[in-house]
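Engineer: Take this structure, written in structure tokens, and hold onto it; I'll ask about it next.
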Amino acid sequence: MKLGILMIGASVLIGTAGMSLAGDVNCKQVNKYLQTGRTVKDVAETMVISESDVRKCQEQASGETKGTEGGKGEMGGSGAGAGGQTK
């Protein structure tokens with residue numbers, strides 16, 4: 001009897017640990033779906049995540065966009081260092 005209870009407890013513990021590890025959200029994929037015109041609800045249902053997770057990815061992407069907006073980015077620039085040739 002005690003062994004059965006112990007086994008059930010261990011399986012519950014392992015099950016909840018696995019759920020927390022699988023809780024990572026691929027924001028890059030979420031944002032790709034959002035850019036195609038899908039709704040937050042649709043993306044959440046497709047990826048089997050919560051709508052709040054989708055919104056967090058959306059906010060994270062808008063924060064990153066604001067940080068690089070107006071600049072030339074990594075590939076921008078001119079001159080010999082940016083792939084131009086000088087003679």
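By order of appearance in the structure tokens: chains A, B, ..., then residues from 1 within every chain, and ligands from 1 in the order shown.
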If we count only C-alpha atoms and set the cut-off at 10 Å, which residues sit around Asp42 (chain A), ignoring sequence neighbours fewer than 4 positions away in its own chain? Please answer as a list in words.
Structural biologist: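 Residues meeting the cut-off are Tyr33, Leu34, Gly37, Arg38, Thr46, Met47, Val48, Glu51 and Val54 of chain A.
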Engineer: Between A:Val30, A:Gly67, A:Thr36, A:Asp24, which residue has the minimum interatomic distance to Arg55 (chain A), considering only C-alpha atoms?
Structural biologist: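 Nearest to Arg55 (chain A): A:Val30.
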Engineer: To one decimal place, how far is CA of Ala44 (chain A) from CA of Asn26 (chain A) in Å?
Structural biologist: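 Taking CA of Ala44 (chain A) and CA of Asn26 (chain A), their separation equals 11.6 Å.
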Engineer: What is the CA of Ser50 (chain A) to CA of Lys66 (chain A) distance in Å?
Structural biologist: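 If I compute the distance from CA of Ser50 (chain A) to CA of Lys66 (chain A), I get 24.9 Å.
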